[in-house]
file entry38.cif (mmCIF, C-alpha atoms (C1' of nucleotides))
data_start
#
loop_
_atom_site.label_atom_id
_atom_site.label_comp_id
_atom_site.auth_asym_id
_atom_site.auth_seq_id
_atom_site.Cartn_x
_atom_site.Cartn_y
_atom_site.Cartn_z
CA MET N 8 21.86 -49.70 -21.94
CA LYS N 9 18.41 -48.98 -20.59
CA LYS N 10 15.21 -49.92 -22.35
CA SER N 11 15.56 -46.92 -24.59
CA ASP N 12 18.46 -44.68 -23.72
CA LYS N 13 18.10 -42.29 -26.62
CA HIS N 14 21.14 -40.28 -25.62
CA GLN N 15 23.42 -43.27 -26.01
CA LYS N 16 21.55 -44.59 -29.02
CA ILE N 17 22.08 -41.32 -30.85
CA LEU N 18 25.70 -41.19 -29.79
CA ASN N 19 26.34 -44.69 -31.09
CA ALA N 20 24.66 -43.84 -34.34
CA ALA N 21 26.77 -40.71 -34.59
CA ILE N 22 29.97 -42.68 -34.04
CA LYS N 23 29.00 -44.94 -36.88
CA VAL N 24 27.94 -42.21 -39.29
CA PHE N 25 30.76 -39.77 -38.50
CA GLY N 26 33.18 -42.67 -38.80
CA GLN N 27 31.92 -43.57 -42.23
CA LYS N 28 31.33 -40.15 -43.76
CA GLY N 29 33.22 -37.69 -41.65
CA PHE N 30 31.63 -34.92 -39.64
CA PHE N 31 30.88 -32.55 -42.48
CA ASN N 32 29.47 -35.11 -44.86
CA ALA N 33 27.27 -36.69 -42.22
CA ARG N 34 23.68 -35.50 -42.25
CA ILE N 35 21.60 -35.22 -39.13
CA SER N 36 19.01 -37.31 -40.91
CA ASP N 37 21.62 -40.04 -41.41
CA ILE N 38 22.25 -40.17 -37.70
CA ALA N 39 18.54 -40.05 -36.95
CA LYS N 40 17.84 -42.93 -39.29
CA GLU N 41 20.72 -44.96 -37.90
CA ALA N 42 19.48 -44.33 -34.36
CA ASP N 43 15.92 -45.11 -35.42
CA VAL N 44 14.68 -41.78 -34.18
CA ALA N 45 13.15 -38.70 -35.74
CA ASP N 46 15.40 -35.85 -36.84
CA GLY N 47 13.86 -33.52 -34.29
CA THR N 48 14.45 -35.93 -31.44
CA ILE N 49 18.17 -35.41 -31.72
CA TYR N 50 17.66 -31.80 -30.68
CA LEU N 51 16.04 -32.88 -27.47
CA TYR N 52 19.33 -34.47 -26.45
CA PHE N 53 21.93 -32.27 -28.13
CA ASN N 54 22.12 -28.58 -28.88
CA ASN N 55 23.39 -28.96 -32.39
CA LYS N 56 25.42 -31.17 -34.70
CA TYR N 57 28.73 -30.02 -33.33
CA ASP N 58 27.58 -30.70 -29.79
CA ILE N 59 27.13 -34.35 -30.72
CA LEU N 60 30.78 -34.53 -31.75
CA LEU N 61 32.02 -32.84 -28.60
CA THR N 62 29.93 -35.05 -26.33
CA LEU N 63 31.19 -38.07 -28.20
CA PHE N 64 34.78 -37.00 -27.53
CA GLU N 65 34.18 -36.20 -23.92
CA GLU N 66 32.51 -39.48 -23.09
CA GLU N 67 34.46 -41.89 -25.26
CA ILE N 68 37.93 -40.56 -24.54
CA GLY N 69 36.97 -40.54 -20.88
CA LYS N 70 36.22 -44.26 -21.00
CA LEU N 71 39.45 -44.86 -22.87
CA ILE N 72 41.55 -43.12 -20.26
CA THR N 73 39.95 -45.13 -17.47
CA GLU N 74 40.52 -48.44 -19.24
CA ILE N 75 44.10 -47.81 -20.15
CA ARG N 76 45.05 -46.53 -16.73
CA ALA N 77 43.61 -49.66 -15.19
CA ALA N 78 45.61 -51.89 -17.52
CA ILE N 79 48.85 -50.05 -16.92
CA SER N 80 48.53 -50.08 -13.15
CA GLN N 81 48.91 -53.87 -13.30
CA LYS N 82 52.55 -53.53 -14.38
CA SER N 83 55.58 -52.30 -12.51
CA ASP N 84 58.16 -52.10 -15.29
CA GLN N 85 57.85 -48.98 -17.44
CA ARG N 86 59.03 -50.89 -20.48
CA GLU N 87 56.05 -53.19 -20.16
CA MET N 88 53.76 -50.24 -19.57
CA LEU N 89 54.72 -48.79 -22.92
CA TYR N 90 53.85 -52.06 -24.58
CA ILE N 91 50.52 -52.21 -22.77
CA PHE N 92 49.68 -48.70 -23.89
CA ALA N 93 50.47 -49.59 -27.48
CA LEU N 94 48.43 -52.76 -27.22
CA HIS N 95 45.35 -51.02 -25.90
CA HIS N 96 45.57 -48.18 -28.33
CA LEU N 97 45.83 -50.48 -31.32
CA ARG N 98 43.09 -52.76 -30.03
CA LEU N 99 40.74 -49.82 -30.09
CA VAL N 100 41.17 -49.60 -33.82
CA ILE N 101 40.10 -53.21 -34.27
CA GLU N 102 37.35 -53.32 -31.70
CA LYS N 103 35.83 -49.89 -32.17
CA LYS N 104 36.67 -49.16 -35.74
CA GLU N 105 34.17 -46.38 -36.24
CA LEU N 106 35.17 -44.57 -33.07
CA ALA N 107 38.80 -44.79 -34.08
CA GLU N 108 37.93 -43.26 -37.43
CA VAL N 109 36.11 -40.39 -35.80
CA LEU N 110 39.01 -39.66 -33.49
CA GLN N 111 41.53 -39.92 -36.33
CA MET N 112 39.68 -37.53 -38.56
CA GLU N 113 38.11 -35.03 -36.34
CA LEU N 114 41.11 -34.61 -34.11
CA ARG N 115 42.80 -32.98 -37.08
CA GLN N 116 39.95 -30.76 -38.04
CA SER N 117 40.38 -27.06 -38.04
CA GLY N 118 38.32 -24.64 -36.01
CA GLU N 119 39.12 -22.90 -32.80
CA SER N 120 36.72 -24.69 -30.51
CA ILE N 121 38.02 -28.13 -31.30
CA LYS N 122 41.61 -27.02 -31.05
CA GLU N 123 40.89 -25.75 -27.59
CA TYR N 124 39.21 -28.98 -26.71
CA ARG N 125 42.16 -31.06 -27.75
CA ARG N 126 44.30 -29.13 -25.32
CA THR N 127 42.31 -30.49 -22.39
CA LYS N 128 40.70 -33.90 -22.70
CA PHE N 129 42.73 -35.43 -25.47
CA ALA N 130 45.95 -34.20 -23.92
CA ASP N 131 45.13 -36.19 -20.79
CA TYR N 132 45.13 -39.33 -22.83
CA VAL N 133 48.49 -38.70 -24.47
CA ASN N 134 50.01 -37.55 -21.23
CA ILE N 135 49.72 -41.06 -19.88
CA ILE N 136 52.72 -41.77 -22.09
CA SER N 137 54.87 -38.97 -20.75
CA GLU N 138 54.06 -40.04 -17.20
CA ILE N 139 55.38 -43.49 -18.00
CA ILE N 140 58.52 -42.03 -19.53
CA ARG N 141 59.18 -39.71 -16.61
CA THR N 142 58.81 -42.47 -14.07
CA GLY N 143 61.05 -44.69 -16.18
CA GLN N 144 63.71 -41.99 -16.18
CA GLU N 145 63.48 -41.61 -12.42
CA ASN N 146 64.03 -45.36 -12.10
CA ASN N 147 67.02 -45.18 -14.44
CA ILE N 148 65.32 -47.48 -16.90
CA PHE N 149 65.14 -44.82 -19.61
CA ARG N 150 67.78 -42.41 -20.88
CA ARG N 151 67.63 -39.11 -19.06
CA ASP N 152 68.94 -37.02 -21.94
CA LEU N 153 65.67 -37.24 -23.87
CA LYS N 154 62.69 -34.99 -23.12
CA PRO N 155 59.56 -36.94 -22.14
CA GLY N 156 57.50 -34.47 -24.15
CA ILE N 157 59.23 -35.38 -27.39
CA ILE N 158 59.13 -39.11 -26.71
CA LYS N 159 55.45 -38.82 -25.93
CA ARG N 160 54.74 -37.20 -29.28
CA ALA N 161 56.89 -39.63 -31.20
CA PHE N 162 55.39 -42.68 -29.56
CA PHE N 163 51.80 -41.56 -29.89
CA GLY N 164 52.41 -40.48 -33.46
CA ALA N 165 53.81 -43.88 -34.34
CA LEU N 166 50.75 -45.63 -32.96
CA ASP N 167 48.41 -43.20 -34.56
CA GLU N 168 49.97 -43.64 -37.96
CA MET N 169 49.71 -47.39 -37.63
CA SER N 170 46.03 -46.92 -36.86
CA ARG N 171 45.61 -44.86 -39.97
CA LEU N 172 47.06 -47.65 -42.04
CA TRP N 173 44.55 -50.10 -40.62
CA ILE N 174 41.60 -47.80 -41.01
CA LEU N 175 42.49 -47.18 -44.62
CA ASN N 176 43.33 -50.75 -45.40
CA PRO N 177 41.45 -53.06 -43.06
CA SER N 178 43.32 -56.16 -44.19
CA HIS N 179 46.34 -55.91 -41.94
CA LYS N 180 49.19 -58.34 -42.29
CA TYR N 181 50.24 -58.11 -38.66
CA THR N 182 48.30 -58.86 -35.52
CA VAL N 183 47.69 -56.25 -32.90
CA GLU N 184 50.14 -57.96 -30.59
CA GLU N 185 52.90 -58.12 -33.20
CA SER N 186 52.47 -54.45 -34.06
CA ALA N 187 52.40 -53.27 -30.46
CA GLU N 188 55.46 -55.41 -29.84
CA ALA N 189 57.32 -54.07 -32.88
CA ILE N 190 56.60 -50.43 -32.11
CA SER N 191 57.58 -50.63 -28.47
CA ASP N 192 60.70 -52.58 -29.45
CA ILE N 193 61.72 -49.83 -31.86
CA PHE N 194 61.25 -47.18 -29.22
CA LEU N 195 62.97 -49.12 -26.46
CA ASN N 196 65.96 -50.46 -28.39
CA GLY N 197 66.26 -48.46 -31.61
CA ILE N 198 66.77 -49.75 -35.10
CA VAL N 199 70.56 -49.64 -35.36
CA ALA N 200 72.23 -53.06 -35.45
CA ASP N 201 74.68 -53.84 -32.65
CA MET U 15 55.46 -16.71 -61.29
CA LYS U 16 54.38 -15.12 -64.52
CA LYS U 17 52.80 -11.72 -64.73
CA SER U 18 49.46 -13.17 -63.81
CA ASP U 19 49.51 -16.93 -63.40
CA LYS U 20 45.96 -17.30 -62.15
CA HIS U 21 46.30 -21.04 -61.70
CA GLN U 22 49.10 -20.66 -59.18
CA LYS U 23 47.58 -17.55 -57.64
CA ILE U 24 44.37 -19.45 -56.89
CA LEU U 25 46.29 -22.43 -55.59
CA ASN U 26 48.30 -20.28 -53.22
CA ALA U 27 45.17 -18.62 -52.00
CA ALA U 28 43.58 -22.02 -51.48
CA ILE U 29 46.55 -23.21 -49.44
CA LYS U 30 46.15 -20.22 -47.21
CA VAL U 31 42.38 -20.44 -46.82
CA PHE U 32 42.18 -24.22 -46.46
CA GLY U 33 45.04 -24.04 -43.97
CA GLN U 34 43.21 -21.51 -41.87
CA LYS U 35 39.64 -22.74 -42.06
CA GLY U 36 39.81 -26.32 -43.24
CA PHE U 37 38.38 -27.54 -46.51
CA PHE U 38 34.72 -27.62 -45.51
CA ASN U 39 34.64 -24.28 -43.80
CA ALA U 40 36.48 -22.53 -46.60
CA ARG U 41 34.21 -20.71 -49.03
CA ILE U 42 35.01 -20.38 -52.69
CA SER U 43 34.48 -16.67 -52.27
CA ASP U 44 37.17 -16.64 -49.56
CA ILE U 45 39.65 -18.18 -51.96
CA ALA U 46 38.56 -15.84 -54.73
CA LYS U 47 39.01 -12.80 -52.53
CA GLU U 48 42.40 -13.99 -51.31
CA ALA U 49 43.49 -14.62 -54.90
CA ASP U 50 42.09 -11.24 -55.95
CA VAL U 51 39.93 -12.85 -58.59
CA ALA U 52 36.20 -13.24 -59.23
CA ASP U 53 34.40 -16.29 -57.91
CA GLY U 54 33.59 -17.48 -61.39
CA THR U 55 37.20 -17.24 -62.52
CA ILE U 56 38.10 -20.13 -60.26
CA TYR U 57 35.90 -22.38 -62.37
CA LEU U 58 37.90 -21.53 -65.46
CA TYR U 59 40.90 -23.17 -63.82
CA PHE U 60 39.36 -25.88 -61.66
CA ASN U 61 36.33 -28.11 -62.05
CA ASN U 62 35.08 -27.68 -58.52
CA LYS U 63 36.13 -27.02 -54.97
CA TYR U 64 37.39 -30.51 -54.40
CA ASP U 65 39.47 -30.38 -57.54
CA ILE U 66 41.38 -27.47 -56.06
CA LEU U 67 42.33 -29.63 -53.10
CA LEU U 68 43.43 -32.54 -55.24
CA THR U 69 45.51 -30.36 -57.53
CA LEU U 70 47.09 -28.77 -54.51
CA PHE U 71 48.11 -32.20 -53.24
CA GLU U 72 49.41 -33.37 -56.56
CA GLU U 73 51.58 -30.37 -57.19
CA GLU U 74 52.81 -29.58 -53.69
CA ILE U 75 53.64 -33.11 -52.63
CA GLY U 76 55.38 -33.53 -55.97
CA LYS U 77 57.67 -30.61 -55.20
CA LEU U 78 58.27 -31.97 -51.73
CA ILE U 79 59.38 -35.36 -53.02
CA THR U 80 61.80 -33.78 -55.43
CA GLU U 81 63.35 -31.57 -52.77
CA ILE U 82 63.75 -34.26 -50.20
CA ARG U 83 65.22 -36.77 -52.64
CA ALA U 84 67.79 -34.24 -53.68
CA ALA U 85 68.80 -33.57 -50.09
CA ILE U 86 69.08 -37.25 -49.22
CA SER U 87 71.16 -38.11 -52.25
CA GLN U 88 73.94 -35.96 -50.76
CA LYS U 89 74.47 -38.46 -47.95
CA SER U 90 75.83 -41.97 -47.97
CA ASP U 91 75.06 -43.12 -44.43
CA GLN U 92 71.47 -44.22 -43.93
CA ARG U 93 71.49 -42.94 -40.37
CA GLU U 94 72.20 -39.47 -41.64
CA MET U 95 69.54 -39.86 -44.31
CA LEU U 96 66.93 -40.43 -41.67
CA TYR U 97 67.98 -37.28 -39.92
CA ILE U 98 67.86 -35.34 -43.17
CA PHE U 99 64.36 -36.59 -43.89
CA ALA U 100 63.21 -35.53 -40.46
CA LEU U 101 64.86 -32.15 -40.86
CA HIS U 102 63.20 -31.42 -44.18
CA HIS U 103 59.84 -32.63 -43.07
CA LEU U 104 59.84 -30.49 -39.96
CA ARG U 105 61.19 -27.49 -41.83
CA LEU U 106 58.13 -27.61 -44.01
CA VAL U 107 55.97 -26.91 -41.00
CA ILE U 108 57.91 -23.76 -40.21
CA GLU U 109 58.42 -22.51 -43.72
CA LYS U 110 55.11 -23.41 -45.27
CA LYS U 111 52.83 -23.40 -42.31
CA GLU U 112 49.55 -23.22 -44.22
CA LEU U 113 50.50 -26.00 -46.58
CA ALA U 114 51.46 -28.18 -43.64
CA GLU U 115 48.08 -27.52 -42.07
CA VAL U 116 46.26 -28.50 -45.23
CA LEU U 117 48.20 -31.73 -45.53
CA GLN U 118 47.70 -32.52 -41.85
CA MET U 119 43.99 -32.05 -41.95
CA GLU U 120 42.90 -33.16 -45.31
CA LEU U 121 45.04 -36.26 -45.32
CA ARG U 122 42.75 -37.59 -42.63
CA GLN U 123 39.54 -36.63 -44.28
CA SER U 124 37.00 -39.23 -45.14
CA GLY U 125 35.65 -39.89 -48.60
CA GLU U 126 36.57 -42.56 -51.09
CA SER U 127 38.26 -40.40 -53.67
CA ILE U 128 40.79 -38.98 -51.27
CA LYS U 129 41.52 -42.36 -49.75
CA GLU U 130 42.31 -43.67 -53.17
CA TYR U 131 44.47 -40.71 -53.88
CA ARG U 132 46.57 -41.17 -50.80
CA ARG U 133 47.45 -44.62 -51.96
CA THR U 134 49.38 -43.18 -54.88
CA LYS U 135 51.04 -39.80 -54.52
CA PHE U 136 51.27 -39.47 -50.78
CA ALA U 137 52.54 -43.04 -50.45
CA ASP U 138 55.49 -42.13 -52.66
CA TYR U 139 56.53 -39.54 -50.15
CA VAL U 140 56.40 -41.85 -47.16
CA ASN U 141 58.06 -44.65 -49.08
CA ILE U 142 61.24 -42.64 -49.20
CA ILE U 143 61.61 -43.68 -45.58
CA SER U 144 61.20 -47.39 -46.19
CA GLU U 145 63.73 -47.20 -49.01
CA ILE U 146 66.23 -45.74 -46.60
CA ILE U 147 65.50 -48.45 -44.07
CA ARG U 148 65.80 -51.26 -46.58
CA THR U 149 69.11 -50.01 -47.87
CA GLY U 150 70.34 -49.59 -44.32
CA GLN U 151 69.42 -53.18 -43.58
CA GLU U 152 71.26 -54.39 -46.66
CA ASN U 153 74.33 -52.53 -45.46
CA ASN U 154 74.00 -54.09 -42.01
CA ILE U 155 73.57 -50.69 -40.45
CA PHE U 156 70.02 -51.41 -39.31
CA ARG U 157 68.55 -54.43 -37.55
CA ARG U 158 67.19 -56.95 -40.01
CA ASP U 159 64.51 -58.34 -37.70
CA LEU U 160 62.29 -55.27 -38.08
CA LYS U 161 59.97 -54.78 -41.04
CA PRO U 162 60.73 -51.61 -43.02
CA GLY U 163 57.00 -51.08 -43.45
CA ILE U 164 56.43 -50.77 -39.73
CA ILE U 165 59.45 -48.56 -39.17
CA LYS U 166 58.30 -46.34 -41.98
CA ARG U 167 54.91 -45.84 -40.36
CA ALA U 168 56.36 -45.28 -36.93
CA PHE U 169 58.93 -42.76 -38.12
CA PHE U 170 56.55 -40.81 -40.29
CA GLY U 171 53.94 -40.86 -37.57
CA ALA U 172 56.40 -39.47 -35.06
CA LEU U 173 57.29 -36.58 -37.36
CA ASP U 174 53.70 -35.93 -38.23
CA GLU U 175 52.65 -35.78 -34.62
CA MET U 176 55.44 -33.32 -33.88
CA SER U 177 54.13 -31.21 -36.74
CA ARG U 178 50.70 -31.27 -35.24
CA LEU U 179 52.06 -29.93 -32.01
CA TRP U 180 53.69 -27.02 -33.78
CA ILE U 181 50.67 -26.23 -35.88
CA LEU U 182 48.47 -26.19 -32.82
CA ASN U 183 50.90 -24.32 -30.67
CA PRO U 184 53.19 -22.20 -32.83
CA SER U 185 55.50 -21.24 -29.95
CA HIS U 186 57.77 -24.26 -29.98
CA LYS U 187 60.40 -24.66 -27.33
CA TYR U 188 62.75 -26.65 -29.53
CA THR U 189 64.37 -25.72 -32.80
CA VAL U 190 63.75 -27.72 -35.94
CA GLU U 191 67.28 -29.11 -35.76
CA GLU U 192 66.92 -30.21 -32.13
CA SER U 193 63.65 -31.94 -32.84
CA ALA U 194 64.85 -33.72 -35.96
CA GLU U 195 67.94 -34.75 -34.00
CA ALA U 196 65.91 -36.03 -31.04
CA ILE U 197 63.49 -38.03 -33.13
CA SER U 198 66.11 -39.69 -35.27
CA ASP U 199 68.12 -40.40 -32.13
CA ILE U 200 65.14 -42.15 -30.54
CA PHE U 201 64.60 -44.27 -33.60
CA LEU U 202 68.26 -45.09 -34.11
CA ASN U 203 69.25 -45.83 -30.51
CA GLY U 204 66.08 -46.35 -28.51
CA ILE U 205 65.17 -44.82 -25.18
CA VAL U 206 66.38 -47.54 -22.81
CA ALA U 207 69.41 -46.56 -20.74
CA ASP U 208 72.55 -48.65 -21.22
"C1'" DA Y 15 -11.06 -44.06 -17.49
"C1'" DG Y 16 -9.67 -39.20 -17.61
"C1'" DC Y 17 -6.41 -35.69 -17.02
"C1'" DA Y 18 -1.79 -33.63 -17.09
"C1'" DT Y 19 2.79 -33.66 -18.45
"C1'" DA Y 20 6.62 -35.17 -21.04
"C1'" DA Y 21 8.62 -37.12 -25.14
"C1'" DA Y 22 8.74 -37.70 -29.92
"C1'" DT Y 23 7.63 -36.63 -34.58
"C1'" DG Y 24 8.65 -34.87 -39.31
"C1'" DA Y 25 7.15 -31.40 -42.53
"C1'" DA Y 26 8.24 -26.65 -43.15
"C1'" DT Y 27 11.62 -22.99 -42.66
"C1'" DA Y 28 15.64 -20.51 -43.18
"C1'" DG Y 29 20.20 -19.72 -44.27
"C1'" DG Y 30 24.20 -20.78 -46.57
"C1'" DT Y 31 27.19 -21.40 -50.57
"C1'" DA Y 32 28.88 -24.09 -54.82
"C1'" DT Y 33 28.18 -23.45 -59.41
"C1'" DT Y 34 26.39 -21.34 -63.70
"C1'" DC Y 35 26.08 -18.14 -67.43
"C1'" DA Y 36 24.72 -13.79 -69.73
"C1'" DT Y 37 27.43 -9.94 -70.00
"C1'" DT Y 38 31.65 -7.14 -69.88
"C1'" DT Y 39 36.42 -6.43 -70.44
"C1'" DG Y 40 40.87 -7.21 -72.51
"C1'" DA Y 41 44.02 -8.82 -76.13
"C1'" DT Y 42 45.49 -9.63 -80.91
"C1'" DA Y 43 45.46 -9.20 -85.71
"C1'" DT Y 44 44.33 -6.92 -89.99
"C1'" DA L 1 39.90 1.58 -85.93
"C1'" DT L 2 37.29 -2.45 -85.79
"C1'" DA L 3 36.46 -7.22 -85.79
"C1'" DT L 4 37.34 -11.55 -83.49
"C1'" DC L 5 38.30 -14.46 -79.89
"C1'" DA L 6 39.59 -15.42 -75.17
"C1'" DA L 7 39.44 -14.30 -70.39
"C1'" DA L 8 37.16 -12.60 -66.51
"C1'" DT L 9 33.25 -11.06 -63.94
"C1'" DG L 10 29.69 -11.42 -60.23
"C1'" DA L 11 24.74 -11.50 -59.66
"C1'" DA L 12 21.33 -15.04 -59.95
"C1'" DT L 13 20.31 -19.87 -59.49
"C1'" DA L 14 19.69 -24.09 -57.51
"C1'" DC L 15 20.48 -27.22 -54.20
"C1'" DC L 16 21.30 -28.86 -49.70
"C1'" DT L 17 20.56 -29.66 -44.91
"C1'" DA L 18 20.57 -27.91 -39.88
"C1'" DT L 19 17.17 -26.45 -37.03
"C1'" DT L 20 12.43 -25.29 -35.50
"C1'" DC L 21 7.84 -25.95 -33.84
"C1'" DA L 22 2.89 -27.10 -34.26
"C1'" DT L 23 1.00 -31.43 -33.76
"C1'" DT L 24 0.79 -36.20 -32.24
"C1'" DT L 25 1.79 -39.96 -29.21
"C1'" DA L 26 3.24 -42.05 -24.90
"C1'" DT L 27 3.53 -42.10 -19.86
"C1'" DG L 28 2.12 -41.69 -15.18
"C1'" DC L 29 -1.02 -40.39 -11.66
"C1'" DT L 30 -5.63 -40.23 -9.10
#
call {"tool": "encode", "arguments": {"input": "entry38.cif", "output": "structure tokens"}}
result
Amino acid sequence: MKKSDKHQKILNAAIKVFGQKGFFNARISDIAKEADVADGTIYLYFNNKYDILLTLFEEEIGKLITEIRAAISQKSDQREMLYIFALHHLRLVIEKKELAEVLQMELRQSGESIKEYRRTKFADYVNIISEIIRTGQENNIFRRDLKPGIIKRAFFGALDEMSRLWILNPSHKYTVEESAEAISDIFLNGIVAD
Amino acid sequence: MKKSDKHQKILNAAIKVFGQKGFFNARISDIAKEADVADGTIYLYFNNKYDILLTLFEEEIGKLITEIRAAISQKSDQREMLYIFALHHLRLVIEKKELAEVLQMELRQSGESIKEYRRTKFADYVNIISEIIRTGQENNIFRRDLKPGIIKRAFFGALDEMSRLWILNPSHKYTVEESAEAISDIFLNGIVAD
DNA sequence: AGCATAAATGAATAGGTATTCATTTGATAT
DNA sequence: ATATCAAATGAATACCTATTCATTTATGCT
């Protein structure tokens, strides 16, 4: 971060404030104070309050995609890849708590513009899962009678719900590794006893 | 519904308006218009805007729990119970679209009061799943090395994410039955090929 | 140093909407 | 019919906060 990169400073403040209060309850003045900047200054870097949220999505999910793709490319077995995805996703919740809260909440918000947005950038992130599944099916590692699209949803949903638990109740009994392990185990092998 | 049960009329209107616009973007006057009632009348039945949301939760999730318990009690095999849960949950999204949207969105909203609330009423709903799992484990139908709490989260999360897809994109390729079938299949048997 | 340009400030504005309450309307009983 | 009480109304209030913009402060150049 440069000597005084206001753009990033404001964005970091916004992550914190949106994460704590939610988009609608967050005041511009809260963000300004957190960023140690005047209210008006924010409008030199962003068009309006909503623009801060969109930019935040754009940039932070972008980083996330890059990171997770890099981690996955280290593995050759699609079963391991699923575990790695789970691990990274859950780590985010621990390491960037506020960002995770923002994504959790605002991803569900109503409003046409954000719905549209989800269809592009956020979808890219989740589609990493279906790519893994498809490749696994081609390699005969995964059952071919299940649609990758449904597995993708189910798997992401499982992780996301686990995140919600942690955000709500920060004292988690299980480690990130245990949880990632348990969830990928359930998906790979099922819960029925042999 | 009685000749003029304003309480329920307002609640139904709120479900519709909150579902369409989200809690924060919904105006009291929108709800009033939808309920065919004066703005002030709403305050004879509810303390404030937020109270409408809470009441809505209380009453609608209550109904949901009753319904789903009744359906599950018809079955004796825990594997079938899981399928039935999935089926009912997904049906909700089709049959009561607006309510599903409200639950989806507002469940993730920030704010202490709603977080506290979730810990009680909403938890009861999700705990139906862990009850099924625990019983299944006692009957040696399900693996005993997996924690019911984690399975519960994963299963609910999977269903919830599927709901989100449908809410966002109402033209679903799969029927409710197919989807409930696919998701319970994944959880019961896993995705790894034999 | 002196000038020009850019960046930052924060008090004032402007618009929105939850909530109130004086008044009207409707219902019930005598 | 009229008095009494409850229910409903909706315009006015009161508050809140995103955004603007005239002014101030910092930066860089000769």
call {"tool": "residues_around", "arguments": {"input": "entry38.cif", "residues": "DA28 of chain Y", "least_positions_apart": "4", "cutoff": "10 Å", "atoms": "all atoms listed in the file", "output": "JSON, numbers by chain"}}
result
{"L": [18, 19, 20]}
call {"tool": "resolve_selection", "arguments": {"input": "entry38.cif", "expression": "the PyMOL selection byres ((chain Y) within 9 of (chain U))", "output": "ChimeraX atom specification"}}
result
/Y:31-34
call {"tool": "resolve_selection", "arguments": {"input": "entry38.cif", "expression": "the PyMOL selection byres ((chain L) within 9 of (chain U))", "output": "VMD selection string"}}
result
chain L and resid 7 to 10
call {"tool": "resolve_selection", "arguments": {"input": "entry38.cif", "expression": "the PyMOL selection byres ((chain N) within 8 of (chain U))", "output": "ChimeraX atom specification"}}
result
/N:27-29,31,111-112,115-118,122,147-151,153,157-158,160-169,175,186,189-190,193-201
call {"tool": "atom_distance", "arguments": {"input": "entry38.cif", "atom1": "atom CA of Ser144 of chain U", "atom2": "atom CA of Pro162 of chain U"}}
result
5.3 Å
call {"tool": "residues_around", "arguments": {"input": "entry38.cif", "residues": "Ile181 of chain U", "least_positions_apart": "6", "cutoff": "9 Å", "atoms": "only C-alpha atoms (C1' of nucleotides)", "output": "PyMOL selection string"}}
result
chain U and resi 107-108+111-112+114-115
call {"tool": "closest_residue", "arguments": {"input": "entry38.cif", "among": "N:Glu184, N:Glu138, N:Lys23, N:Leu18", "to": "Asp58 of chain N", "atoms": "only C-alpha atoms"}}
result
N:Leu18
call {"tool": "closest_residue", "arguments": {"input": "entry38.cif", "among": "U:Ala100, U:Val190, U:Val140, U:Ala40", "to": "Ile66 of chain U", "atoms": "only C-alpha atoms"}}
result
U:Ala40
call {"tool": "closest_residue", "arguments": {"input": "entry38.cif", "among": "U:Ala137, U:Leu113, U:Leu68, U:Ile146", "to": "Ser90 of chain U", "atoms": "only C-alpha atoms"}}
result
U:Ile146
call {"tool": "residues_near_point", "arguments": {"input": "entry38.cif", "point": "(4.5, -36.4, -23.2)", "cutoff": "12 Å", "atoms": "only C-alpha atoms (C1' of nucleotides)", "output": "list in words"}}
result
DA18, DT19, DA20, DA21, DA22 and DT23 of chain Y; DT24, DT25, DA26, DT27 and DG28 of chain L
call {"tool": "residues_around", "arguments": {"input": "entry38.cif", "residues": "DA43 of chain Y", "least_positions_apart": "2", "cutoff": "12 Å", "atoms": "all atoms listed in the file", "output": "PyMOL selection string"}}
result
(chain Y and resi 41) or (chain L and resi 2-5)
